[in-house]
Each structure stands twice: as C-alpha cells, then as structure tokens.
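Peer 1: Would you mind keeping the following structure in view while I ask a few things?
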Amino acid sequence: FDSIEGMEWMTTPEVSGLPVYAVGKYEVDLNWVVSHPIAGILACTLLFNLIYRVSYLVSNVFPAFSKLEDSAKSDWAARVSSTVHAVAVVFLGARELLTSKEIHEDFNHVSPWAMITIIVMTGYFINDLILVFYWGNKWGDFLPMVLHHVVGITLFPQFLWYRCAFAMYLSVALTEATTPFVNARWYLYTIGWKEGFVYMANGLFMMIVWFFVRILGLSYMIYIVYTTYWDELWALPLPLALYTCFGYLTSATLNTIWFGKMIKGLIKLLGKKKPAPTSDKKEN
C-alpha cells in the first residue's frame with residue numbers, strides 16, 4: 001500500500017493501454033479521462049443529461065407519453081438514460097471480470113476499464129440524483145433512491161483515487177443488469193399492458209436476474225471480501241474501510257427490501273382468482 005500514501009485526491013497517475021476514439025475532428029482519449037476523473041465524471045453527467053433531454057423530446061411522438069403528467073414524462077425520459085447507463089456499465093464490468101485474471105487475485109490491481117466504469121456510473125448517478133431531488137416523492141421511493149445514489153457517488157470514486165477494490169466495485173456494477181427489466185416493467189404498466197403475457201414474462205425475468213446478481217452475486221462478493229480481501233480492506237484508511245462496509249451493507253439491505261416487494265407482488269398476482277365463467281343461457 002505504499003502507492004496509497006500521499007495519493008492526491010483530485011488527480012490520479014497516468015494510465016495507458018485504453019483506446020483513443022475519433023469523434024469528427026476531435027479525439028476522445030480514455031487514458032486522459034482516467035487520469036482526470038473529475039473531468040470525466042462531469043462529462044458523463046452532461047452526456048446522460050443530454051440523453052435524458054433528447055429522449056424527452058423524441059418521446060413526444062408516442063401518444064401514451066403525451067397523456068402523462070410532467071413528473072411521469074420526466075420519469076419516462078430518465079428511464080431511457082437509465083437503460084443506456086445499465087447496458088454500458090454491465091458490458092464494461094462483465095468484460096473486465098471475464099477477461100482479467102489479475103483483478104480477482106490482486107486487491108490493488110489497477111484496472112483502467114474498471115476506472116472507466118466508475119466514471120460512467122458516477123456521472124449517471126449525479127444526473128439522476130438531480131432529477132430525483134427535483135421530483136421528490138412523485139417518483140416514489142425517494143429516500144431509498146437518494147441513499148443509493150449518494151453512497152455510490154461518494155464511495156466509488158474513492159476506489160479511483162486509491163487504486164484498489166476494483167473487483168468489489170465491478171460486482172456492484174453488474175447489479176445494473178436488472179435495470180432494463182425494471183424499466184420495461186414501468187413502461188408496460190404505464191402504457192396499459194399490465195395484463196399481458198409480455199408484462200408477466202418481463203416481471204419473471206426481472207425477479208430471476210435480480211435474485212442472481214443482486215442477492216446471490218453481492219452475497220458471494222461479501223463472502224469473497226471476508227475470506228480473501230479482509231486484510232487488504234482494513235489496510236486502507238479506516239474511514240474508507242468503514243464506509244466501504246457501510247456501502248455494501250446498504251446496497252444489500254436495499255436490494256433485499258426491493259426483492260421482498262417483488263415476492264409480495266408475485267404472491268398477490270398468483271393469489272388472484274379467475275372469475276367464474278358465466279353462462280349465456282337464461283335460467284327459466
């Protein structure tokens with residue numbers, strides 16, 4: 001942990017090996033983004049805000065969208081950016097976990113792709129948190145969402161600056177695999193398709209994926225931390241170690257509460273009795 005001591009909070013050492021993308025006349029150097037995480041986070045915040053605004057405008061072509069209240073219209077557009085974010089971070093996280101052996105074996109292994117994933121997720125959380133504060137309880141689950149986003153915004157970037165715990169972080173990134181199903185359920189319900197097969201099938205897949213990535217997946221990572229990374233975790237500055245434990249416990253608690261609500265919804269759905277068939281013949 002010699003590299004941790006004296007680490008500057010607002011800058012990180014340069015990295016190499018990440019691609020450079022050409023966007024028109026400009027170049028997007030991911031190596032520079034990782035070395036300047038604050039700028040990268042702000043850029044991602046603006047990008048997701050742009051996706052939100054564009055989706056809001058484009059969604060006006062849907063008749064169901066035009067009938068919604070303003071808060072629901074904003075929720076509709078925010079779920080587009082939410083889905084884009086989920087697909088991006090799950091792809092990046094899964095790619096790194098499946099292709100990098102070192103990230104599983106070394107608590108301090110520097111993973112540039114994991115750092116990119118943190119930057120993308122933090123930028124999204126900031127943009128979404130602004131919307132959550134603006135609409136408040138009109139979006140539902142206000143306090144849990146604020147707690148979820150605030151912990152993510154304040155915890156994950158510290159892994160960037162301290163260059164550690166990337167496998168722990170990516171296990172959290174993979175939990176976003178449930179987000180497209182959650183958003184699809186909201187859209188189907190909003191447009192009035194809550195009685196169809198598609199709605200029920202999506203709900204079933206949502207529960208299955210939620211159980212595997214948010215319940216089993218996080219539980220397994222907590223087990224790995226306790227059996228493999230425990231000493232390395234507590235070699236970090238004590239406030240960061242404690243906050244990491246708090247963040248994981250908070251995430252596990254919220255995921256369990258939300259999964260419990262899904263179970264109750266499923267039980268309620270299965271408990272519904274079909275109406276008895278009526279006869280067209282009149283009784284004499």
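To be explicit about the labels: the chains of the structure tokens are called A, B, and onward in the order shown, and within each one the residues are counted from 1, while ligands get numbers from 1 in the order they are shown.
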Find the residues near Val132 of chain A: any atom within 8 Å, counting only C-alpha atoms, skip ones fewer than 6 places away on the same chain, and give them as an NGL selection string.
Peer 2: :A and (139 or 142 or 145-146)
Peer 1: Could you please take those selected residues and save C-alpha atoms as an mmCIF file, in the first residue's frame?
Peer 2:
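The resulting again.cif:
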```
data_model
loop_
_atom_site.group_PDB
_atom_site.id
_atom_site.type_symbol
_atom_site.label_atom_id
_atom_site.label_comp_id
_atom_site.auth_asym_id
_atom_site.auth_seq_id
_atom_site.Cartn_x
_atom_site.Cartn_y
_atom_site.Cartn_z
ATOM 1 C CA TRP A 139 -41.157 9.377 -8.465
ATOM 2 C CA PHE A 142 -37.472 8.953 -2.655
ATOM 3 C CA MET A 145 -33.072 6.281 -4.084
ATOM 4 C CA VAL A 146 -31.289 9.245 -2.500
#
```
Peer 1: Which residues, written as a PDB file with C-alpha atoms, in the first residue's frame, have at least one atom at most 12 Å from Asn60 of chain A, with only C-alpha atoms counted and residues fewer than 6 positions away on the same chain left out?
Peer 2:
```pdb
ATOM      1  CA  ARG A  53     -33.329  15.652 -22.822  1.00  0.00           C
ATOM      2  CA  VAL A  54     -33.201  14.078 -26.282  1.00  0.00           C
ATOM      3  CA  SER A  66     -48.350  12.963 -24.276  1.00  0.00           C
ATOM      4  CA  LYS A  67     -51.083  11.846 -21.852  1.00  0.00           C
ATOM      5  CA  LEU A  68     -48.730  11.634 -18.867  1.00  0.00           C
ATOM      6  CA  LYS A  73     -42.879  12.325 -18.584  1.00  0.00           C
ATOM      7  CA  SER A  74     -39.612  13.118 -16.844  1.00  0.00           C
ATOM      8  CA  TRP A  76     -40.118   8.160 -18.845  1.00  0.00           C
ATOM      9  CA  ALA A  77     -37.151  10.067 -20.288  1.00  0.00           C
TER      10      ALA A  77
END
```
Peer 1: Using only C-alpha atoms for the distances, tell me which of A:Ala165, A:Val80, A:Leu147, A:Ala72 is nearest to Val182 of chain A.
Peer 2: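 Counting only C-alpha atoms, the residue closest to Val182 of chain A is A:Val80.
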Peer 1: What are the DSSP helix (DSSP H, G or I) residues of segment 12-71 of chain A, as a PyMOL selection string?
Peer 2: chain A and resi 30-35+37-61+63-66+70-71
Peer 1: Save out the residues we just selected, C-alpha atoms, as an mmCIF file, in the first residue's frame.
Peer 2:
```
data_model
loop_
_atom_site.group_PDB
_atom_site.id
_atom_site.type_symbol
_atom_site.label_atom_id
_atom_site.label_comp_id
_atom_site.auth_asym_id
_atom_site.auth_seq_id
_atom_site.Cartn_x
_atom_site.Cartn_y
_atom_site.Cartn_z
ATOM 1 C CA LEU A 30 -9.803 7.331 -22.487
ATOM 2 C CA ASN A 31 -6.333 7.309 -20.926
ATOM 3 C CA TRP A 32 -6.647 11.059 -20.319
ATOM 4 C CA VAL A 33 -10.179 10.584 -18.928
ATOM 5 C CA VAL A 34 -8.966 8.050 -16.347
ATOM 6 C CA SER A 35 -6.090 10.337 -15.353
ATOM 7 C CA PRO A 37 -11.549 11.549 -13.241
ATOM 8 C CA ILE A 38 -13.279 14.760 -12.151
ATOM 9 C CA ALA A 39 -13.438 15.973 -15.742
ATOM 10 C CA GLY A 40 -14.578 12.543 -16.872
ATOM 11 C CA ILE A 41 -17.352 12.394 -14.280
ATOM 12 C CA LEU A 42 -18.601 15.852 -15.238
ATOM 13 C CA ALA A 43 -18.518 14.924 -18.923
ATOM 14 C CA CYS A 44 -20.561 11.782 -18.247
ATOM 15 C CA THR A 45 -23.034 13.784 -16.157
ATOM 16 C CA LEU A 46 -23.574 16.120 -19.121
ATOM 17 C CA LEU A 47 -23.802 13.175 -21.525
ATOM 18 C CA PHE A 48 -26.557 11.455 -19.550
ATOM 19 C CA ASN A 49 -28.372 14.749 -19.154
ATOM 20 C CA LEU A 50 -28.238 15.125 -22.945
ATOM 21 C CA ILE A 51 -29.609 11.600 -23.411
ATOM 22 C CA TYR A 52 -32.406 12.471 -20.981
ATOM 23 C CA ARG A 53 -33.329 15.652 -22.822
ATOM 24 C CA VAL A 54 -33.201 14.078 -26.282
ATOM 25 C CA SER A 55 -35.326 11.121 -25.155
ATOM 26 C CA TYR A 56 -37.837 13.570 -23.644
ATOM 27 C CA LEU A 57 -38.188 15.357 -26.969
ATOM 28 C CA VAL A 58 -38.314 12.208 -29.089
ATOM 29 C CA SER A 59 -40.853 10.538 -26.798
ATOM 30 C CA ASN A 60 -43.440 13.158 -27.731
ATOM 31 C CA VAL A 61 -44.186 11.084 -30.837
ATOM 32 C CA PRO A 63 -49.465 9.056 -27.789
ATOM 33 C CA ALA A 64 -49.075 7.422 -24.364
ATOM 34 C CA PHE A 65 -46.294 9.861 -23.470
ATOM 35 C CA SER A 66 -48.350 12.963 -24.276
ATOM 36 C CA ASP A 70 -44.984 16.177 -16.185
ATOM 37 C CA SER A 71 -43.372 14.082 -13.454
#
```
Peer 1: Which polymer residues have any atom within 12 Å of an atom of Ala201 of chain A, counting only C-alpha atoms, with same-chain residues fewer than 4 positions away left out, as a list in words?
Peer 2: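 So the residues in contact are Phe181, Ala184, Arg185, Leu188, Trp193, Lys194, Glu195, Gly196, Phe197, Phe205, Met206, Met207, Ile208 and Leu266 of chain A.
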Peer 1: Can you build me a table of segment 85-141 of chain A residues sitting at most 9 Å from segment 216-230 of chain A, with the closest atom pair per residue and its distance in Å to one decimal, using only C-alpha atoms, sorted by chain and residue number, as a Markdown table?
Peer 2:
```
| residue | atom | partner | partner_atom | distance |
| --- | --- | --- | --- | --- |
| A:Glu105 | CA | A:Thr228 | CA | 8.9 |
| A:Asp106 | CA | A:Tyr229 | CA | 8.8 |
| A:Phe107 | CA | A:Tyr229 | CA | 6.6 |
```
Peer 1: How about saving the chosen residues, N, CA, C and O atoms kept, as a compact mmCIF listing (two decimals), in the first residue's frame?
Peer 2:
```
# COMPACT_ATOMS: atom_id res chain seq x y z
N GLU A 105 -7.32 -11.65 -8.32
CA GLU A 105 -6.26 -12.14 -7.44
C GLU A 105 -5.58 -11.03 -6.63
O GLU A 105 -5.03 -11.29 -5.57
N ASP A 106 -5.62 -9.81 -7.17
CA ASP A 106 -4.87 -8.71 -6.53
C ASP A 106 -5.83 -7.58 -6.18
O ASP A 106 -6.42 -6.95 -7.06
N PHE A 107 -5.97 -7.33 -4.88
CA PHE A 107 -6.86 -6.27 -4.39
C PHE A 107 -6.45 -4.91 -4.96
O PHE A 107 -7.29 -4.04 -5.16
```
Peer 1: Which residue is closest to Leu129 of chain A? Choose from A:Arg214, A:Ala78, A:Glu176, A:His149 and count only C-alpha atoms.
Peer 2: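 Using only C-alpha atoms, the shortest distance to Leu129 of chain A belongs to A:His149.
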Peer 1: Work out how far apart atom CA of Leu249 of chain A and atom CA of Arg163 of chain A are and give it in Å to one decimal.
Peer 2: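 Pair atom CA of Leu249 of chain A / atom CA of Arg163 of chain A returns 21.7 Å.
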Peer 1: Quick one, how far is atom CA of Gln158 of chain A from atom CA of Thr244 of chain A?
Peer 2: 9.7 Å
Peer 1: With a distance cut-off of 9 Å and only C-alpha atoms, select the neighbouring residues of Tyr169 of chain A, excluding the residue or stretch itself and same-chain residues fewer than 6 positions from it, and output the selection as JSON, numbers by chain.
Peer 2: {"A": [93, 114, 118, 156, 159]}
Peer 1: Just write the chosen residues, N, CA and C atoms, as a PDB file, in the first residue's frame.
Peer 2:
```pdb
ATOM      1  N   GLY A  93     -18.278  -3.927 -17.065  1.00  0.00           N
ATOM      2  CA  GLY A  93     -17.947  -4.707 -15.883  1.00  0.00           C
ATOM      3  C   GLY A  93     -17.760  -6.183 -16.185  1.00  0.00           C
ATOM      4  N   ALA A 114     -12.135  -0.779 -15.364  1.00  0.00           N
ATOM      5  CA  ALA A 114     -12.965  -0.614 -14.172  1.00  0.00           C
ATOM      6  C   ALA A 114     -13.043   0.857 -13.780  1.00  0.00           C
ATOM      7  N   ILE A 118     -16.393   3.196 -13.352  1.00  0.00           N
ATOM      8  CA  ILE A 118     -16.704   4.035 -12.194  1.00  0.00           C
ATOM      9  C   ILE A 118     -17.043   5.456 -12.634  1.00  0.00           C
ATOM     10  N   PHE A 156     -17.657   5.153  -4.722  1.00  0.00           N
ATOM     11  CA  PHE A 156     -16.962   4.573  -5.874  1.00  0.00           C
ATOM     12  C   PHE A 156     -15.763   5.393  -6.350  1.00  0.00           C
ATOM     13  N   PHE A 159     -12.334   4.557  -4.918  1.00  0.00           N
ATOM     14  CA  PHE A 159     -11.585   3.426  -5.467  1.00  0.00           C
ATOM     15  C   PHE A 159     -10.686   3.879  -6.611  1.00  0.00           C
TER      16      PHE A 159
END
```
Peer 1: Apply DSSP to the backbone of this structure and, from segment 20-141 of chain A, keep only the residues in strand (DSSP E or B); write these as number ranges by chain.
Peer 2: A: 20-23, 26-29
Peer 1: Could you tell me which of A:Leu240, A:Met200, A:Leu143, A:Leu92 comes closest to Pro112 of chain A if we count only C-alpha atoms?
Peer 2: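 So, comparing all the options, the nearest one is A:Leu92.
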Peer 1: Ranking A:Phe62, A:Tyr21, A:Trp113, A:Tyr243 by minimum distance to Leu170 of chain A and counting only C-alpha atoms, which one comes first?
Peer 2: A:Trp113
Peer 1: Name the closest residue to Lys101 of chain A among the candidates A:Glu232, A:Ala167, A:Cys245, A:Phe211; distances are taken between atoms, counting only C-alpha atoms.
Peer 2: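 Answer, going by the shortest atom-to-atom distance: A:Ala167.
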Peer 1: Determine, counting only C-alpha atoms, which protein, DNA and RNA residues have an atom within 9 Å of an atom of Gly152 of chain A; residues of the same chain fewer than 4 positions away are not included. Present the result as a PDB file with N, CA and C atoms, in the first residue's frame.
Peer 2:
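Below you can see around_6.pdb, which holds the result:
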```
ATOM      1  N   MET A 121     -20.554   5.452 -14.246  1.00  0.00           N
ATOM      2  CA  MET A 121     -21.620   5.252 -13.268  1.00  0.00           C
ATOM      3  C   MET A 121     -21.790   6.463 -12.363  1.00  0.00           C
ATOM      4  N   THR A 122     -20.696   7.068 -11.936  1.00  0.00           N
ATOM      5  CA  THR A 122     -20.790   8.237 -11.056  1.00  0.00           C
ATOM      6  C   THR A 122     -21.436   9.407 -11.776  1.00  0.00           C
ATOM      7  N   PHE A 125     -25.139   8.724 -11.878  1.00  0.00           N
ATOM      8  CA  PHE A 125     -25.768   8.907 -10.569  1.00  0.00           C
ATOM      9  C   PHE A 125     -25.987  10.384 -10.250  1.00  0.00           C
ATOM     10  N   LEU A 147     -30.431   7.664  -0.865  1.00  0.00           N
ATOM     11  CA  LEU A 147     -29.379   6.938  -0.141  1.00  0.00           C
ATOM     12  C   LEU A 147     -28.539   6.109  -1.100  1.00  0.00           C
ATOM     13  N   HIS A 148     -29.187   5.403  -2.014  1.00  0.00           N
ATOM     14  CA  HIS A 148     -28.496   4.567  -3.004  1.00  0.00           C
ATOM     15  C   HIS A 148     -27.535   5.399  -3.848  1.00  0.00           C
ATOM     16  N   PHE A 156     -17.657   5.153  -4.722  1.00  0.00           N
ATOM     17  CA  PHE A 156     -16.962   4.573  -5.874  1.00  0.00           C
ATOM     18  C   PHE A 156     -15.763   5.393  -6.350  1.00  0.00           C
ATOM     19  N   PRO A 157     -15.865   6.731  -6.438  1.00  0.00           N
ATOM     20  CA  PRO A 157     -14.688   7.488  -6.895  1.00  0.00           C
ATOM     21  C   PRO A 157     -13.462   7.318  -6.000  1.00  0.00           C
ATOM     22  N   GLY A 247     -21.322   0.894   2.649  1.00  0.00           N
ATOM     23  CA  GLY A 247     -21.896   0.929   1.315  1.00  0.00           C
ATOM     24  C   GLY A 247     -22.416  -0.427   0.876  1.00  0.00           C
TER      25      GLY A 247
END
```
